[in-house]
$ cat protein31.cif   # mmCIF, C-alpha atoms
data_model
#
loop_
_atom_site.label_atom_id
_atom_site.label_comp_id
_atom_site.auth_asym_id
_atom_site.auth_seq_id
_atom_site.Cartn_x
_atom_site.Cartn_y
_atom_site.Cartn_z
CA MET A 182 40.83 -25.57 10.90
CA SER A 183 41.88 -22.93 8.43
CA ALA A 184 41.98 -19.27 9.31
CA HIS A 185 39.06 -18.69 6.93
CA LEU A 186 36.78 -21.26 8.67
CA ALA A 187 37.73 -19.93 12.06
CA ARG A 188 36.57 -16.50 10.89
CA SER A 189 33.31 -17.39 9.15
CA GLY A 190 32.17 -20.65 10.74
CA PRO A 191 31.28 -23.86 8.91
CA PRO A 192 30.45 -23.58 5.21
CA HIS A 193 26.82 -23.14 4.16
CA ALA A 194 25.11 -24.30 0.99
CA TYR A 195 25.24 -21.61 -1.68
CA ARG A 196 21.78 -20.10 -2.26
CA ARG A 197 21.39 -17.73 -5.15
CA LYS A 198 19.10 -14.84 -4.31
CA ALA A 199 16.09 -14.88 -6.62
CA SER A 200 14.64 -11.75 -8.17
CA THR A 201 11.80 -10.07 -6.30
CA TRP A 202 9.73 -10.58 -9.46
CA TRP A 203 10.48 -14.32 -9.81
CA TRP A 204 6.74 -15.06 -9.78
CA LEU A 205 6.23 -13.12 -13.02
CA THR A 206 8.68 -15.26 -14.99
CA ARG A 207 6.51 -18.38 -15.44
CA TRP A 208 2.76 -19.00 -15.46
CA PRO A 209 2.80 -21.69 -12.68
CA TYR A 210 4.69 -19.27 -10.40
CA PHE A 211 2.17 -16.52 -11.14
CA ALA A 212 -0.74 -18.91 -10.52
CA PHE A 213 0.84 -19.86 -7.19
CA VAL A 214 1.12 -16.24 -6.03
CA LEU A 215 -2.37 -15.50 -7.36
CA ARG A 216 -3.66 -18.41 -5.28
CA GLU A 217 -1.93 -17.07 -2.19
CA MET A 218 -3.28 -13.56 -2.85
CA THR A 219 -6.87 -14.87 -2.72
CA SER A 220 -6.48 -14.48 1.05
CA VAL A 221 -6.63 -10.69 0.60
CA PHE A 222 -10.03 -11.07 -1.06
CA VAL A 223 -11.16 -13.37 1.76
CA ALA A 224 -10.29 -10.61 4.25
CA TRP A 225 -12.00 -7.93 2.13
CA SER A 226 -15.17 -10.09 1.95
CA VAL A 227 -15.29 -10.34 5.75
CA VAL A 228 -14.85 -6.57 6.07
CA TRP A 229 -17.59 -5.91 3.48
CA VAL A 230 -20.07 -8.26 5.21
CA LEU A 231 -19.27 -6.67 8.59
CA LEU A 232 -19.87 -3.19 7.16
CA LEU A 233 -23.18 -4.46 5.74
CA LEU A 234 -24.27 -5.85 9.12
CA ARG A 235 -23.19 -2.64 10.83
CA ALA A 236 -25.19 -0.52 8.37
CA ALA A 237 -28.23 -2.78 8.79
CA GLY A 238 -27.97 -2.40 12.54
CA LEU A 239 -27.73 1.40 12.35
CA GLY A 240 -31.00 1.94 10.46
CA GLU A 241 -32.86 1.90 7.15
CA ILE A 242 -31.15 5.00 5.74
CA GLN A 243 -27.64 3.69 6.50
CA TYR A 244 -28.62 0.29 5.04
CA ARG A 245 -29.74 1.81 1.73
CA GLN A 246 -26.73 4.15 1.67
CA PHE A 247 -24.45 1.14 2.08
CA PHE A 248 -25.97 -0.60 -0.95
CA ALA A 249 -25.80 2.65 -2.95
CA TRP A 250 -22.07 2.80 -2.10
CA SER A 251 -21.72 -0.89 -3.04
CA ALA A 252 -23.30 -0.12 -6.43
CA SER A 253 -20.67 2.55 -7.21
CA PRO A 254 -18.40 1.42 -10.08
CA LEU A 255 -15.21 1.09 -8.03
CA ILE A 256 -16.77 -1.04 -5.29
CA LEU A 257 -18.87 -3.07 -7.72
CA ILE A 258 -15.87 -3.92 -9.90
CA SER A 259 -13.81 -4.70 -6.79
CA ASN A 260 -16.51 -7.03 -5.53
CA GLY A 261 -16.83 -8.66 -8.98
CA VAL A 262 -13.09 -9.38 -8.95
CA THR A 263 -13.46 -10.56 -5.35
CA VAL A 264 -16.07 -13.16 -6.35
CA VAL A 265 -13.80 -14.48 -9.13
CA MET A 266 -10.87 -14.72 -6.71
CA LEU A 267 -13.04 -16.40 -4.07
CA VAL A 268 -14.10 -19.06 -6.57
CA TYR A 269 -10.41 -19.53 -7.48
CA HIS A 270 -9.67 -19.94 -3.77
CA THR A 271 -12.45 -22.52 -3.43
CA LEU A 272 -11.37 -24.58 -6.45
CA THR A 273 -7.68 -24.60 -5.54
CA TRP A 274 -8.44 -25.24 -1.85
CA PHE A 275 -10.72 -28.21 -2.51
CA ASN A 276 -8.30 -29.68 -5.03
CA LEU A 277 -5.55 -29.53 -2.38
CA VAL A 278 -7.66 -31.23 0.30
CA PRO A 279 -6.90 -34.85 -0.74
CA ARG A 280 -3.17 -34.06 -0.83
CA VAL A 281 -2.88 -32.50 2.62
CA MET A 282 -5.56 -34.32 4.64
CA VAL A 283 -5.79 -38.06 5.16
CA PHE A 284 -9.01 -39.28 6.75
CA ARG A 285 -9.57 -42.93 7.50
CA PHE A 286 -12.71 -45.02 7.54
CA GLY A 287 -11.64 -47.76 9.91
CA ARG A 288 -8.17 -48.63 8.67
CA ARG A 289 -8.77 -47.68 5.07
CA PRO A 290 -7.95 -44.13 3.92
CA ILE A 291 -10.85 -42.31 2.30
CA PRO A 292 -10.06 -41.89 -1.43
CA GLY A 293 -9.05 -38.41 -2.62
CA PRO A 294 -11.99 -37.90 -5.00
CA VAL A 295 -14.42 -38.70 -2.14
CA MET A 296 -12.66 -36.17 0.11
CA ALA A 297 -12.72 -33.43 -2.53
CA GLY A 298 -16.25 -34.40 -3.58
CA SER A 299 -17.61 -34.04 -0.05
CA HIS A 300 -16.21 -30.50 0.10
CA TYR A 301 -17.76 -29.61 -3.26
CA LEU A 302 -21.06 -31.05 -1.99
CA ALA A 303 -20.88 -28.87 1.15
CA TRP A 304 -20.12 -25.84 -1.05
CA ALA A 305 -23.14 -26.58 -3.26
CA ALA A 306 -25.43 -27.08 -0.25
CA VAL A 307 -24.36 -23.81 1.41
CA THR A 308 -24.64 -21.92 -1.89
CA VAL A 309 -28.18 -23.20 -2.50
CA GLY A 310 -29.14 -22.57 1.14
CA LEU A 311 -27.86 -18.97 1.08
CA ALA A 312 -29.54 -18.29 -2.27
CA TRP A 313 -32.83 -19.65 -0.91
CA LEU A 314 -32.52 -17.56 2.27
CA LEU A 315 -31.79 -14.33 0.43
CA VAL A 316 -33.97 -14.70 -2.67
CA SER A 317 -37.05 -16.22 -1.07
CA ARG A 318 -37.52 -13.27 1.33
CA MET B 282 11.75 -25.92 21.88
CA SER B 283 11.16 -22.33 20.77
CA ARG B 284 7.92 -20.47 21.49
CA ARG B 285 7.23 -20.04 17.75
CA ARG B 286 7.48 -23.76 17.14
CA THR B 287 5.03 -24.44 19.96
CA ILE B 288 2.27 -22.32 18.44
CA ASP B 289 2.88 -23.40 14.82
CA PRO B 290 0.30 -26.26 14.84
CA VAL B 291 -2.32 -23.83 16.18
CA LEU B 292 -1.51 -21.31 13.45
CA TRP B 293 -1.79 -23.95 10.73
CA MET B 294 -5.03 -25.34 12.20
CA GLY B 295 -6.60 -21.86 12.19
CA PHE B 296 -5.36 -21.34 8.63
CA GLY B 297 -6.97 -24.61 7.51
CA ALA B 298 -10.28 -23.96 9.27
CA GLY B 299 -10.49 -20.42 7.89
CA GLY B 300 -9.61 -21.55 4.38
CA THR B 301 -12.30 -24.22 4.37
CA LEU B 302 -14.99 -21.93 5.82
CA ALA B 303 -14.08 -19.15 3.38
CA ALA B 304 -14.21 -21.58 0.45
CA ILE B 305 -17.65 -22.88 1.41
CA VAL B 306 -19.41 -19.70 2.56
CA LEU B 307 -17.92 -16.58 1.00
CA PRO B 308 -18.32 -17.05 -2.81
CA ALA B 309 -22.12 -17.36 -2.60
CA LEU B 310 -22.45 -14.66 0.05
CA MET B 311 -20.43 -12.14 -1.97
CA ALA B 312 -21.91 -13.11 -5.35
CA LEU B 313 -25.45 -12.66 -4.02
CA LEU B 314 -25.12 -9.67 -1.70
CA ALA B 315 -22.15 -7.72 -3.05
CA VAL B 316 -22.79 -8.19 -6.80
CA ALA B 317 -26.29 -9.49 -7.58
CA VAL B 318 -28.11 -7.06 -5.27
CA PRO B 319 -26.21 -3.89 -6.31
CA VAL B 320 -26.68 -4.62 -10.05
CA GLY B 321 -30.37 -5.42 -9.48
CA LEU B 322 -30.31 -9.11 -10.38
CA ILE B 323 -32.06 -9.88 -7.10
CA ALA B 324 -34.12 -7.55 -4.93
CA LEU B 325 -32.59 -5.77 -1.97
CA PRO B 326 -33.34 -7.94 1.08
CA GLN B 327 -35.56 -6.24 3.62
CA ARG B 328 -33.39 -4.88 6.42
CA MET B 329 -35.50 -6.47 9.15
CA ASP B 330 -35.38 -9.86 7.35
CA LEU B 331 -31.60 -9.66 7.23
CA LEU B 332 -31.43 -8.72 10.91
CA SER B 333 -33.78 -11.55 11.84
CA LEU B 334 -31.27 -14.01 10.32
CA VAL B 335 -28.62 -12.89 12.80
CA HIS B 336 -30.93 -12.36 15.77
CA SER B 337 -30.04 -15.57 17.62
CA PRO B 338 -26.97 -15.41 19.91
CA VAL B 339 -25.94 -18.84 18.63
CA VAL B 340 -25.91 -17.55 15.04
CA ARG B 341 -23.91 -14.50 16.11
CA VAL B 342 -21.29 -16.63 17.85
CA GLY B 343 -21.17 -18.91 14.81
CA LEU B 344 -20.73 -15.93 12.50
CA TRP B 345 -18.00 -14.53 14.70
CA LEU B 346 -16.13 -17.82 14.53
CA VAL B 347 -16.44 -17.85 10.73
CA PHE B 348 -15.25 -14.23 10.43
CA ALA B 349 -12.38 -14.71 12.88
CA ALA B 350 -11.24 -17.92 11.16
CA CYS B 351 -11.35 -16.26 7.72
CA LEU B 352 -9.33 -13.29 8.97
CA PHE B 353 -6.84 -15.65 10.57
CA HIS B 354 -6.59 -17.52 7.26
CA TRP B 355 -5.73 -14.21 5.57
CA ALA B 356 -3.11 -13.37 8.20
CA HIS B 357 -1.33 -16.70 7.93
CA ARG B 358 -1.39 -16.95 4.14
CA PHE B 359 -0.49 -13.31 3.53
CA ARG B 360 2.43 -13.63 5.94
CA TYR B 361 3.98 -16.42 3.88
CA THR B 362 3.11 -14.66 0.61
CA LEU B 363 5.18 -11.69 1.78
CA TYR B 364 8.00 -14.01 2.84
CA ASP B 365 8.08 -15.99 -0.41
CA GLY B 366 6.73 -13.52 -2.93
CA LEU B 367 8.63 -10.40 -1.96
CA GLN B 368 11.41 -12.25 -0.08
CA ILE B 369 11.27 -9.94 2.93
CA LYS B 370 11.66 -12.56 5.62
CA HIS B 371 14.12 -10.27 7.40
CA LEU B 372 11.08 -8.14 8.36
CA ASN B 373 9.63 -11.18 10.14
CA GLU B 374 8.61 -9.46 13.38
CA LEU B 375 6.92 -6.55 11.60
CA ILE B 376 5.04 -8.87 9.21
CA PHE B 377 4.08 -11.28 12.01
CA THR B 378 2.69 -8.44 14.14
CA GLY B 379 0.97 -6.72 11.21
CA CYS B 380 -0.75 -9.84 9.90
CA TYR B 381 -1.90 -11.49 13.14
CA GLY B 382 -2.47 -8.10 14.80
CA GLY B 383 -4.62 -7.06 11.84
CA ALA B 384 -6.62 -10.28 12.13
CA ALA B 385 -7.07 -9.71 15.87
CA VAL B 386 -8.29 -6.14 15.28
CA GLY B 387 -10.69 -7.45 12.61
CA ALA B 388 -11.99 -10.14 14.97
CA ALA B 389 -12.54 -7.50 17.67
CA PHE B 390 -14.41 -5.31 15.14
CA ALA B 391 -16.54 -8.34 14.17
CA ALA B 392 -17.38 -8.98 17.83
CA SER B 393 -18.32 -5.32 18.29
CA VAL B 394 -20.57 -5.28 15.18
CA LEU B 395 -22.30 -8.55 16.09
CA TRP B 396 -22.75 -7.43 19.71
CA GLN B 397 -24.34 -4.11 18.73
CA ILE B 398 -26.84 -5.42 16.16
CA PRO B 399 -30.33 -4.88 17.60
#

$ encode --input "protein31.cif" --output "structure tokens"
Amino acid sequence: MSAHLARSGPPHAYRRKASTWWWLTRWPYFAFVLREMTSVFVAWSVVWVLLLLRAAGLGEIQYRQFFAWSASPLILISNGVTVVMLVYHTLTWFNLVPRVMVFRFGRRPIPGPVMAGSHYLAWAAVTVGLAWLLVSR
Amino acid sequence: MSRRRTIDPVLWMGFGAGGTLAAIVLPALMALLAVAVPVGLIALPQRMDLLSLVHSPVVRVGLWLVFAACLFHWAHRFRYTLYDGLQIKHLNELIFTGCYGGAAVGAAFAASVLWQIP
């Protein structure tokens, strides 16, 4: 063993350090990071719904004040962007389902389009159900 | 086997469940309540009607599971976004604690809100 190896241990594969802004250099990289960042909008949505439920529980005045706050330009634009990012999350998530999940019917794997399609069907059903619940009242 | 490796399948399962629930439930919920109501496209739901939807303990537990799973999804995905995107894996312990701790605090807040609704 050479003196150098004795000092630094066995050799490692050389890995060039990428720039912090590597994801801005190509559109697919940017789309990847954008997809990952949809999680922030998922968290914000949960917080917003919780604040809504809290305001509704506190009383009529707090409930109306909450929606007045939600109609302010900053929050409204933020929530508009949130909806776009949530739809992006849904589309990318459902398109990934057949690649990462293998379900079998007996011994035969369920085809990818059926797997993705069942998720889209569930999304449509929940969307229609929620719209009916909120609009019909 | 390390402790981290032992809990990895649980982390990924929570991430998957939260991602699926968020994909199915949140776009419609936010489009209707957070955008359509404030801009006046649909009428403001009556407060008591909204509360009646979450009156049942079963619904509240179900909602808590959805909220907790979605927050967990955020924690897990954001953790790896910070690792890969900003390449700050050397801050692993801080990121791990911040992400999953944040999700735990959010889940506790959700439980508190759902518990206190009349």

$ closest_residue --input "protein31.cif" --among "A:Pro254, A:Thr308, A:Asn276, A:Tyr244" --to "B:Ala312" --atoms "all atoms listed in the file"
A:Thr308

$ resolve_selection --input "protein31.cif" --expression "the PyMOL selection byres ((chain B) within 6 of (chain A))" --output "PyMOL selection string"
chain B and resi 304-305+308-309+312+319+352+355+367+394+398

$ atom_distance --input "protein31.cif" --atom1 "atom CA of B:Glu374" --atom2 "atom CA of B:Ala356"
13.4 Å

$ residues_around --input "protein31.cif" --residues "B:Asn373" --least-positions-apart "6" --cutoff "10 Å" --atoms "all atoms listed in the file" --output "list in words"
Arg360, Tyr361, Leu363, Tyr364 and Gly379 of chain B

$ resolve_selection --input "protein31.cif" --expression "the PyMOL selection byres ((chain B and resi 387) around 9)" --output "list of chain:residue names"
A:Ala224, A:Val227, A:Val228, B:Phe348, B:Ala349, B:Leu352, B:Gly382, B:Gly383, B:Ala384, B:Ala385, B:Val386, B:Ala388, B:Ala389, B:Phe390, B:Ala391, B:Ala392

$ atom_distance --input "protein31.cif" --atom1 "atom CA of B:Phe353" --atom2 "atom CA of B:Leu307"
14.7 Å

$ atom_distance --input "protein31.cif" --atom1 "atom CA of B:Trp345" --atom2 "atom CA of A:Phe284"
27.5 Å

$ closest_residue --input "protein31.cif" --among "B:Gly343, B:Ile288, B:Thr362, B:Trp293" --to "A:Val281" --atoms "all atoms listed in the file"
B:Trp293

$ residues_around --input "protein31.cif" --residues "B:Pro338" --least-positions-apart "4" --cutoff "10 Å" --atoms "all atoms listed in the file" --output "ChimeraX atom specification"
/B:342-344,395-396

$ build_atoms --input "protein31.cif" --residues "stretch 255-288 of chain A" --atoms "N, CA and C atoms" --output "mmCIF file, in the coordinates of the input"
data_model
loop_
_atom_site.group_PDB
_atom_site.id
_atom_site.type_symbol
_atom_site.label_atom_id
_atom_site.label_comp_id
_atom_site.auth_asym_id
_atom_site.auth_seq_id
_atom_site.Cartn_x
_atom_site.Cartn_y
_atom_site.Cartn_z
ATOM 1 N N LEU A 255 -16.457 1.593 -8.628
ATOM 2 C CA LEU A 255 -15.210 1.090 -8.030
ATOM 3 C C LEU A 255 -15.481 -0.111 -7.108
ATOM 4 N N ILE A 256 -16.483 0.034 -6.239
ATOM 5 C CA ILE A 256 -16.770 -1.040 -5.290
ATOM 6 C C ILE A 256 -17.379 -2.245 -6.009
ATOM 7 N N LEU A 257 -18.238 -1.957 -6.981
ATOM 8 C CA LEU A 257 -18.870 -3.070 -7.720
ATOM 9 C C LEU A 257 -17.838 -3.890 -8.486
ATOM 10 N N ILE A 258 -16.922 -3.201 -9.159
ATOM 11 C CA ILE A 258 -15.870 -3.920 -9.900
ATOM 12 C C ILE A 258 -14.977 -4.682 -8.922
ATOM 13 N N SER A 259 -14.645 -4.030 -7.810
ATOM 14 C CA SER A 259 -13.810 -4.700 -6.790
ATOM 15 C C SER A 259 -14.500 -5.964 -6.289
ATOM 16 N N ASN A 260 -15.789 -5.862 -6.039
ATOM 17 C CA ASN A 260 -16.510 -7.030 -5.530
ATOM 18 C C ASN A 260 -16.684 -8.106 -6.611
ATOM 19 N N GLY A 261 -16.796 -7.675 -7.886
ATOM 20 C CA GLY A 261 -16.830 -8.660 -8.980
ATOM 21 C C GLY A 261 -15.529 -9.441 -9.050
ATOM 22 N N VAL A 262 -14.406 -8.721 -8.954
ATOM 23 C CA VAL A 262 -13.090 -9.380 -8.950
ATOM 24 C C VAL A 262 -12.979 -10.273 -7.715
ATOM 25 N N THR A 263 -13.510 -9.785 -6.602
ATOM 26 C CA THR A 263 -13.460 -10.560 -5.350
ATOM 27 C C THR A 263 -14.161 -11.904 -5.519
ATOM 28 N N VAL A 264 -15.334 -11.901 -6.166
ATOM 29 C CA VAL A 264 -16.070 -13.160 -6.350
ATOM 30 C C VAL A 264 -15.252 -14.134 -7.205
ATOM 31 N N VAL A 265 -14.632 -13.616 -8.273
ATOM 32 C CA VAL A 265 -13.800 -14.480 -9.130
ATOM 33 C C VAL A 265 -12.643 -15.081 -8.315
ATOM 34 N N MET A 266 -11.996 -14.245 -7.507
ATOM 35 C CA MET A 266 -10.870 -14.720 -6.710
ATOM 36 C C MET A 266 -11.322 -15.694 -5.614
ATOM 37 N N LEU A 267 -12.523 -15.475 -5.083
ATOM 38 C CA LEU A 267 -13.040 -16.400 -4.070
ATOM 39 C C LEU A 267 -13.318 -17.773 -4.676
ATOM 40 N N VAL A 268 -13.854 -17.770 -5.898
ATOM 41 C CA VAL A 268 -14.100 -19.060 -6.570
ATOM 42 C C VAL A 268 -12.772 -19.759 -6.856
ATOM 43 N N TYR A 269 -11.755 -18.968 -7.249
ATOM 44 C CA TYR A 269 -10.410 -19.530 -7.480
ATOM 45 C C TYR A 269 -9.864 -20.128 -6.187
ATOM 46 N N HIS A 270 -10.086 -19.419 -5.079
ATOM 47 C CA HIS A 270 -9.670 -19.940 -3.770
ATOM 48 C C HIS A 270 -10.360 -21.274 -3.490
ATOM 49 N N THR A 271 -11.682 -21.307 -3.723
ATOM 50 C CA THR A 271 -12.450 -22.520 -3.430
ATOM 51 C C THR A 271 -11.941 -23.702 -4.263
ATOM 52 N N LEU A 272 -11.791 -23.479 -5.572
ATOM 53 C CA LEU A 272 -11.370 -24.580 -6.450
ATOM 54 C C LEU A 272 -9.976 -25.089 -6.080
ATOM 55 N N THR A 273 -9.044 -24.164 -5.862
ATOM 56 C CA THR A 273 -7.680 -24.600 -5.540
ATOM 57 C C THR A 273 -7.631 -25.238 -4.146
ATOM 58 N N TRP A 274 -8.426 -24.709 -3.229
ATOM 59 C CA TRP A 274 -8.440 -25.240 -1.850
ATOM 60 C C TRP A 274 -8.981 -26.662 -1.843
ATOM 61 N N PHE A 275 -10.101 -26.870 -2.512
ATOM 62 C CA PHE A 275 -10.720 -28.210 -2.510
ATOM 63 C C PHE A 275 -9.846 -29.218 -3.262
ATOM 64 N N ASN A 276 -9.168 -28.753 -4.300
ATOM 65 C CA ASN A 276 -8.300 -29.680 -5.030
ATOM 66 C C ASN A 276 -7.062 -30.063 -4.213
ATOM 67 N N LEU A 277 -6.710 -29.211 -3.238
ATOM 68 C CA LEU A 277 -5.550 -29.530 -2.380
ATOM 69 C C LEU A 277 -5.928 -30.470 -1.232
ATOM 70 N N VAL A 278 -7.219 -30.474 -0.882
ATOM 71 C CA VAL A 278 -7.660 -31.230 0.300
ATOM 72 C C VAL A 278 -7.163 -32.682 0.305
ATOM 73 N N PRO A 279 -7.340 -33.443 -0.791
ATOM 74 C CA PRO A 279 -6.900 -34.850 -0.740
ATOM 75 C C PRO A 279 -5.388 -35.007 -0.573
ATOM 76 N N ARG A 280 -4.625 -33.946 -0.922
ATOM 77 C CA ARG A 280 -3.170 -34.060 -0.830
ATOM 78 C C ARG A 280 -2.661 -33.754 0.576
ATOM 79 N N VAL A 281 -3.403 -32.913 1.307
ATOM 80 C CA VAL A 281 -2.880 -32.500 2.620
ATOM 81 C C VAL A 281 -3.636 -33.123 3.800
ATOM 82 N N MET A 282 -4.801 -33.727 3.539
ATOM 83 C CA MET A 282 -5.560 -34.320 4.640
ATOM 84 C C MET A 282 -5.819 -35.798 4.341
ATOM 85 N N VAL A 283 -5.516 -36.627 5.311
ATOM 86 C CA VAL A 283 -5.790 -38.060 5.160
ATOM 87 C C VAL A 283 -6.793 -38.468 6.241
ATOM 88 N N PHE A 284 -8.010 -38.767 5.820
ATOM 89 C CA PHE A 284 -9.010 -39.280 6.750
ATOM 90 C C PHE A 284 -9.175 -40.774 6.521
ATOM 91 N N ARG A 285 -9.434 -41.486 7.612
ATOM 92 C CA ARG A 285 -9.570 -42.930 7.500
ATOM 93 C C ARG A 285 -10.963 -43.377 7.900
ATOM 94 N N PHE A 286 -11.459 -44.362 7.186
ATOM 95 C CA PHE A 286 -12.710 -45.020 7.540
ATOM 96 C C PHE A 286 -12.307 -46.403 8.017
ATOM 97 N N GLY A 287 -12.250 -46.559 9.365
ATOM 98 C CA GLY A 287 -11.640 -47.760 9.910
ATOM 99 C C GLY A 287 -10.142 -47.678 9.673
ATOM 100 N N ARG A 288 -9.599 -48.661 8.965
ATOM 101 C CA ARG A 288 -8.170 -48.630 8.670
ATOM 102 C C ARG A 288 -7.883 -48.115 7.262
#
